[in-house]
Amino acid sequence: DQQVKQNSPSLSVQEGRISILNCDYTNSMFDYFLWYKKYPAEGPTFLISISSIKDKNEDGRFTVFLNKSAKHLSLHIVPSQPGDSAVYFCAASWFGSKLTFGTGTRLQVTL
Amino acid sequence: GAVVSQHPSWVICKSGTSVKIECRSLDFQATTMFWYRQFPKQSLMLMATSNEGSKATYEQGVEKDKFLINHASLTLSTLTVTSAHPEDSSFYICSAKTGTSEETQYFGPGTRLLVL
């Protein structure tokens with residue numbers, strides 16, 4: 001039972017444009033959401049997070065939006081840069097429990 | 001940021017042998033360490049959570065006698081895959097947590113295991 005889903009396995013975006021990565025979840029108990037970035041042969045690194053009491057969190061070029069009613073969150077990267085090319089995982093937890101990861105979306109930023 | 005290392009980065013072994021993977025937090029003491037497994041095109045799946053000096057807590061469906069976890073110190077945890085079989089071939093990633101918030105969980109680079 002995949003409680004956190006990333007339905008797009010890959011995404012290609014032109015440099016300078018906006019990248020939008022989506023994530024859906026099924027467990028309404030989740031109250032904390034995180035995005036991780038993973039390069040090949042490296043472990044995931046934390047990117048940005050959002051608590052369920054917010055609907056938006058921004059950090060530089062990265063913004064995460066949370067729509068609790070739709071059980072959906074998205075990561076916006078503006079402007080996209082070639083160095084952003086990586087696999088992005090969303091993850092969720094509740095009351096400090098274990099992280100539940102999505103399957104990942106491979107982002108390719110082209111020149 | 002905090003650094004977590006894993007050794008080896010990849011290993012090939014024969015079916016029936018045991019493989020030990022080390023996870024070290026290099027510049028911090030980890031209150032908790034986690035072991036994940038990732039199959040191709042699938043998500044990271046938590047296998048077990050370990051705290052220094054105590055027994056690991058395994059997720060449902062993970063055989064504790066097959067995947068032995070030892071967390072001997074605040075900077076080292078080991079995962080031993082005993083009597084490995086081809087279906088154990090996977091990417092194993094550890095993480096170490098320094099505090100209570102999720103952002104304080106730092107991941108190792110992973111170990112790719114191939115069992116022939």
# chains A, B, ... in the order shown; residues from 1 in each chain; ligands from 1

call {"tool": "closest_atom_pairs", "arguments": {"of": "chain B", "to": "chain A", "cutoff": "12 Å", "atoms": "only C-alpha atoms", "output": "tab-separated table"}}
result
residue	atom	partner	partner_atom	distance
B:Gly1	CA	A:Thr45	CA	9.6
B:Ala2	CA	A:Thr45	CA	10.3
B:Val3	CA	A:Gly43	CA	10.3
B:Val4	CA	A:Gly43	CA	8.9
B:Ser5	CA	A:Gly43	CA	9.4
B:Gln6	CA	A:Gly43	CA	9.8
B:Ser9	CA	A:Ala41	CA	8.5
B:Trp10	CA	A:Ala41	CA	10.0
B:Thr32	CA	A:Lys98	CA	11.4
B:Met33	CA	A:Lys98	CA	11.4
B:Phe34	CA	A:Lys98	CA	9.3
B:Trp35	CA	A:Lys98	CA	11.2
B:Tyr36	CA	A:Leu99	CA	10.4
B:Arg37	CA	A:Phe101	CA	11.3
B:Gln38	CA	A:Thr103	CA	9.4
B:Phe39	CA	A:Thr103	CA	10.0
B:Pro40	CA	A:Thr103	CA	9.5
B:Lys41	CA	A:Thr103	CA	6.6
B:Gln42	CA	A:Thr103	CA	5.0
B:Ser43	CA	A:Thr103	CA	3.9
B:Leu44	CA	A:Phe101	CA	5.9
B:Met45	CA	A:Phe101	CA	7.2
B:Leu46	CA	A:Thr100	CA	7.8
B:Met47	CA	A:Lys98	CA	10.5
B:Ala48	CA	A:Lys98	CA	9.7
B:Thr49	CA	A:Lys98	CA	8.7
B:Ser50	CA	A:Lys98	CA	11.9
B:Thr57	CA	A:Lys98	CA	11.4
B:Tyr58	CA	A:Lys98	CA	11.6
B:Glu59	CA	A:Lys98	CA	10.0
B:Phe91	CA	A:Ala41	CA	10.1
B:Tyr92	CA	A:Gly43	CA	10.0
B:Ile93	CA	A:Gly43	CA	7.1
B:Cys94	CA	A:Gly43	CA	8.5
B:Ser95	CA	A:Gly43	CA	8.6
B:Ala96	CA	A:Gly43	CA	11.5
B:Lys97	CA	A:Lys98	CA	11.5
B:Gly99	CA	A:Gly96	CA	11.1
B:Thr100	CA	A:Gly96	CA	7.7
B:Ser101	CA	A:Gly96	CA	7.4
B:Glu102	CA	A:Gly96	CA	7.4
B:Glu103	CA	A:Phe46	CA	6.5
B:Thr104	CA	A:Phe46	CA	8.7
B:Gln105	CA	A:Phe46	CA	8.1
B:Tyr106	CA	A:Thr45	CA	6.9
B:Phe107	CA	A:Gly43	CA	5.1
B:Gly108	CA	A:Gly43	CA	5.0
B:Pro109	CA	A:Gly43	CA	4.0
B:Gly110	CA	A:Gly43	CA	6.0
B:Thr111	CA	A:Ala41	CA	8.8
B:Arg112	CA	A:Ala41	CA	9.2

call {"tool": "residues_around", "arguments": {"residues": "Met29 (chain A)", "least_positions_apart": "2", "cutoff": "9 Å", "atoms": "only C-alpha atoms", "output": "list of chain:residue names"}}
result
A:Thr26, A:Asn27, A:Asp31, A:Ser93, A:Trp94, A:Phe95

call {"tool": "write_last_selection", "arguments": {"atoms": "N, CA and C atoms", "output": "PDB file, in the first residue's frame"}}
result
ATOM      1  N   THR A  26      -2.233   9.433   0.939  1.00  0.00           N
ATOM      2  CA  THR A  26      -3.542   8.872   1.274  1.00  0.00           C
ATOM      3  C   THR A  26      -3.833   8.910   2.777  1.00  0.00           C
ATOM      4  N   ASN A  27      -2.782   8.965   3.586  1.00  0.00           N
ATOM      5  CA  ASN A  27      -2.970   8.899   5.037  1.00  0.00           C
ATOM      6  C   ASN A  27      -3.227  10.297   5.594  1.00  0.00           C
ATOM      7  N   ASP A  31       1.258  14.788   9.076  1.00  0.00           N
ATOM      8  CA  ASP A  31       1.206  16.195   9.436  1.00  0.00           C
ATOM      9  C   ASP A  31       2.506  16.941   9.131  1.00  0.00           C
ATOM     10  N   SER A  93       5.402  12.246   7.354  1.00  0.00           N
ATOM     11  CA  SER A  93       5.424  11.599   8.662  1.00  0.00           C
ATOM     12  C   SER A  93       4.288  12.162   9.505  1.00  0.00           C
ATOM     13  N   TRP A  94       3.997  11.513  10.622  1.00  0.00           N
ATOM     14  CA  TRP A  94       3.001  12.055  11.540  1.00  0.00           C
ATOM     15  C   TRP A  94       3.430  11.814  12.957  1.00  0.00           C
ATOM     16  N   PHE A  95       3.269  12.837  13.741  1.00  0.00           N
ATOM     17  CA  PHE A  95       3.647  12.814  15.155  1.00  0.00           C
ATOM     18  C   PHE A  95       5.061  12.279  15.337  1.00  0.00           C
TER      19      PHE A  95
END

call {"tool": "closest_residue", "arguments": {"among": "A:Tyr88, A:Leu21, A:Arg106, A:Leu111", "to": "Thr63 (chain A)", "atoms": "only C-alpha atoms"}}
result
A:Leu21

call {"tool": "decode", "arguments": {"residues": "region 36-73 of chain A", "atoms": "N, CA and C atoms", "output": "tab-separated table (two decimals), in the first residue's frame"}}
result
chain	number	residue	atom	x	y	z
A	36	TYR	N	13.17	15.67	-0.64
A	36	TYR	CA	14.58	15.33	-0.67
A	36	TYR	C	15.03	15.30	-2.11
A	37	LYS	N	16.30	15.60	-2.28
A	37	LYS	CA	16.92	15.57	-3.59
A	37	LYS	C	18.01	14.51	-3.57
A	38	LYS	N	18.09	13.73	-4.63
A	38	LYS	CA	19.08	12.65	-4.64
A	38	LYS	C	19.83	12.63	-5.97
A	39	TYR	N	21.14	12.74	-5.86
A	39	TYR	CA	22.00	12.57	-7.03
A	39	TYR	C	22.43	11.10	-7.10
A	40	PRO	N	22.82	10.64	-8.28
A	40	PRO	CA	23.28	9.24	-8.40
A	40	PRO	C	24.43	8.94	-7.45
A	41	ALA	N	24.42	7.77	-6.87
A	41	ALA	CA	25.47	7.29	-5.97
A	41	ALA	C	25.60	8.13	-4.69
A	42	GLU	N	24.57	8.93	-4.40
A	42	GLU	CA	24.58	9.67	-3.15
A	42	GLU	C	23.28	9.42	-2.41
A	43	GLY	N	23.28	9.67	-1.11
A	43	GLY	CA	22.04	9.54	-0.37
A	43	GLY	C	21.17	10.77	-0.56
A	44	PRO	N	19.89	10.66	-0.26
A	44	PRO	CA	18.99	11.82	-0.36
A	44	PRO	C	19.44	12.93	0.58
A	45	THR	N	19.29	14.17	0.14
A	45	THR	CA	19.57	15.31	1.00
A	45	THR	C	18.31	16.13	1.17
A	46	PHE	N	18.12	16.61	2.38
A	46	PHE	CA	16.92	17.38	2.69
A	46	PHE	C	16.89	18.68	1.89
A	47	LEU	N	15.71	19.02	1.39
A	47	LEU	CA	15.57	20.21	0.57
A	47	LEU	C	14.68	21.25	1.25
A	48	ILE	N	13.46	20.88	1.54
A	48	ILE	CA	12.50	21.80	2.11
A	48	ILE	C	11.38	21.00	2.76
A	49	SER	N	10.73	21.60	3.74
A	49	SER	CA	9.66	20.88	4.44
A	49	SER	C	8.47	21.81	4.66
A	50	ILE	N	7.36	21.21	5.05
A	50	ILE	CA	6.18	21.99	5.36
A	50	ILE	C	5.36	21.24	6.40
A	51	SER	N	4.86	22.00	7.35
A	51	SER	CA	3.98	21.44	8.36
A	51	SER	C	2.54	21.55	7.87
A	52	SER	N	1.68	20.69	8.39
A	52	SER	CA	0.28	20.69	7.95
A	52	SER	C	-0.48	21.94	8.38
A	53	ILE	N	0.10	22.76	9.24
A	53	ILE	CA	-0.59	23.98	9.65
A	53	ILE	C	-0.34	25.11	8.65
A	54	LYS	N	0.53	24.84	7.68
A	54	LYS	CA	0.80	25.83	6.64
A	54	LYS	C	0.33	25.32	5.29
A	55	ASP	N	0.20	26.22	4.34
A	55	ASP	CA	-0.10	25.76	2.98
A	55	ASP	C	1.01	26.14	2.00
A	56	LYS	N	2.02	26.85	2.51
A	56	LYS	CA	3.11	27.24	1.63
A	56	LYS	C	4.37	27.47	2.46
A	57	ASN	N	5.49	27.05	1.90
A	57	ASN	CA	6.77	27.36	2.51
A	57	ASN	C	7.78	27.62	1.40
A	58	GLU	N	8.52	28.70	1.56
A	58	GLU	CA	9.41	29.13	0.50
A	58	GLU	C	10.84	29.23	1.01
A	59	ASP	N	11.77	28.78	0.18
A	59	ASP	CA	13.18	28.88	0.52
A	59	ASP	C	13.96	29.11	-0.76
A	60	GLY	N	14.24	30.37	-1.04
A	60	GLY	CA	14.97	30.68	-2.26
A	60	GLY	C	14.18	30.31	-3.50
A	61	ARG	N	14.78	29.49	-4.34
A	61	ARG	CA	14.10	29.09	-5.58
A	61	ARG	C	13.07	27.98	-5.37
A	62	PHE	N	13.01	27.46	-4.18
A	62	PHE	CA	12.15	26.31	-3.89
A	62	PHE	C	10.93	26.73	-3.06
A	63	THR	N	9.77	26.32	-3.50
A	63	THR	CA	8.54	26.57	-2.77
A	63	THR	C	7.75	25.27	-2.72
A	64	VAL	N	7.26	24.94	-1.54
A	64	VAL	CA	6.39	23.78	-1.42
A	64	VAL	C	4.99	24.25	-1.06
A	65	PHE	N	4.01	23.71	-1.76
A	65	PHE	CA	2.60	24.02	-1.54
A	65	PHE	C	1.91	22.77	-1.00
A	66	LEU	N	1.05	22.97	-0.03
A	66	LEU	CA	0.31	21.85	0.55
A	66	LEU	C	-1.18	22.11	0.44
A	67	ASN	N	-1.90	21.19	-0.13
A	67	ASN	CA	-3.35	21.25	-0.21
A	67	ASN	C	-3.89	20.06	0.58
A	68	LYS	N	-4.24	20.33	1.84
A	68	LYS	CA	-4.64	19.23	2.72
A	68	LYS	C	-5.95	18.57	2.27
A	69	SER	N	-6.87	19.36	1.79
A	69	SER	CA	-8.16	18.79	1.40
A	69	SER	C	-7.98	17.82	0.24
A	70	ALA	N	-7.03	18.13	-0.63
A	70	ALA	CA	-6.77	17.25	-1.78
A	70	ALA	C	-5.70	16.22	-1.47
A	71	LYS	N	-5.09	16.30	-0.30
A	71	LYS	CA	-3.98	15.43	0.07
A	71	LYS	C	-2.91	15.47	-1.02
A	72	HIS	N	-2.51	16.68	-1.31
A	72	HIS	CA	-1.57	16.88	-2.41
A	72	HIS	C	-0.55	17.94	-2.03
A	73	LEU	N	0.69	17.69	-2.38
A	73	LEU	CA	1.70	18.72	-2.24
A	73	LEU	C	2.53	18.80	-3.50
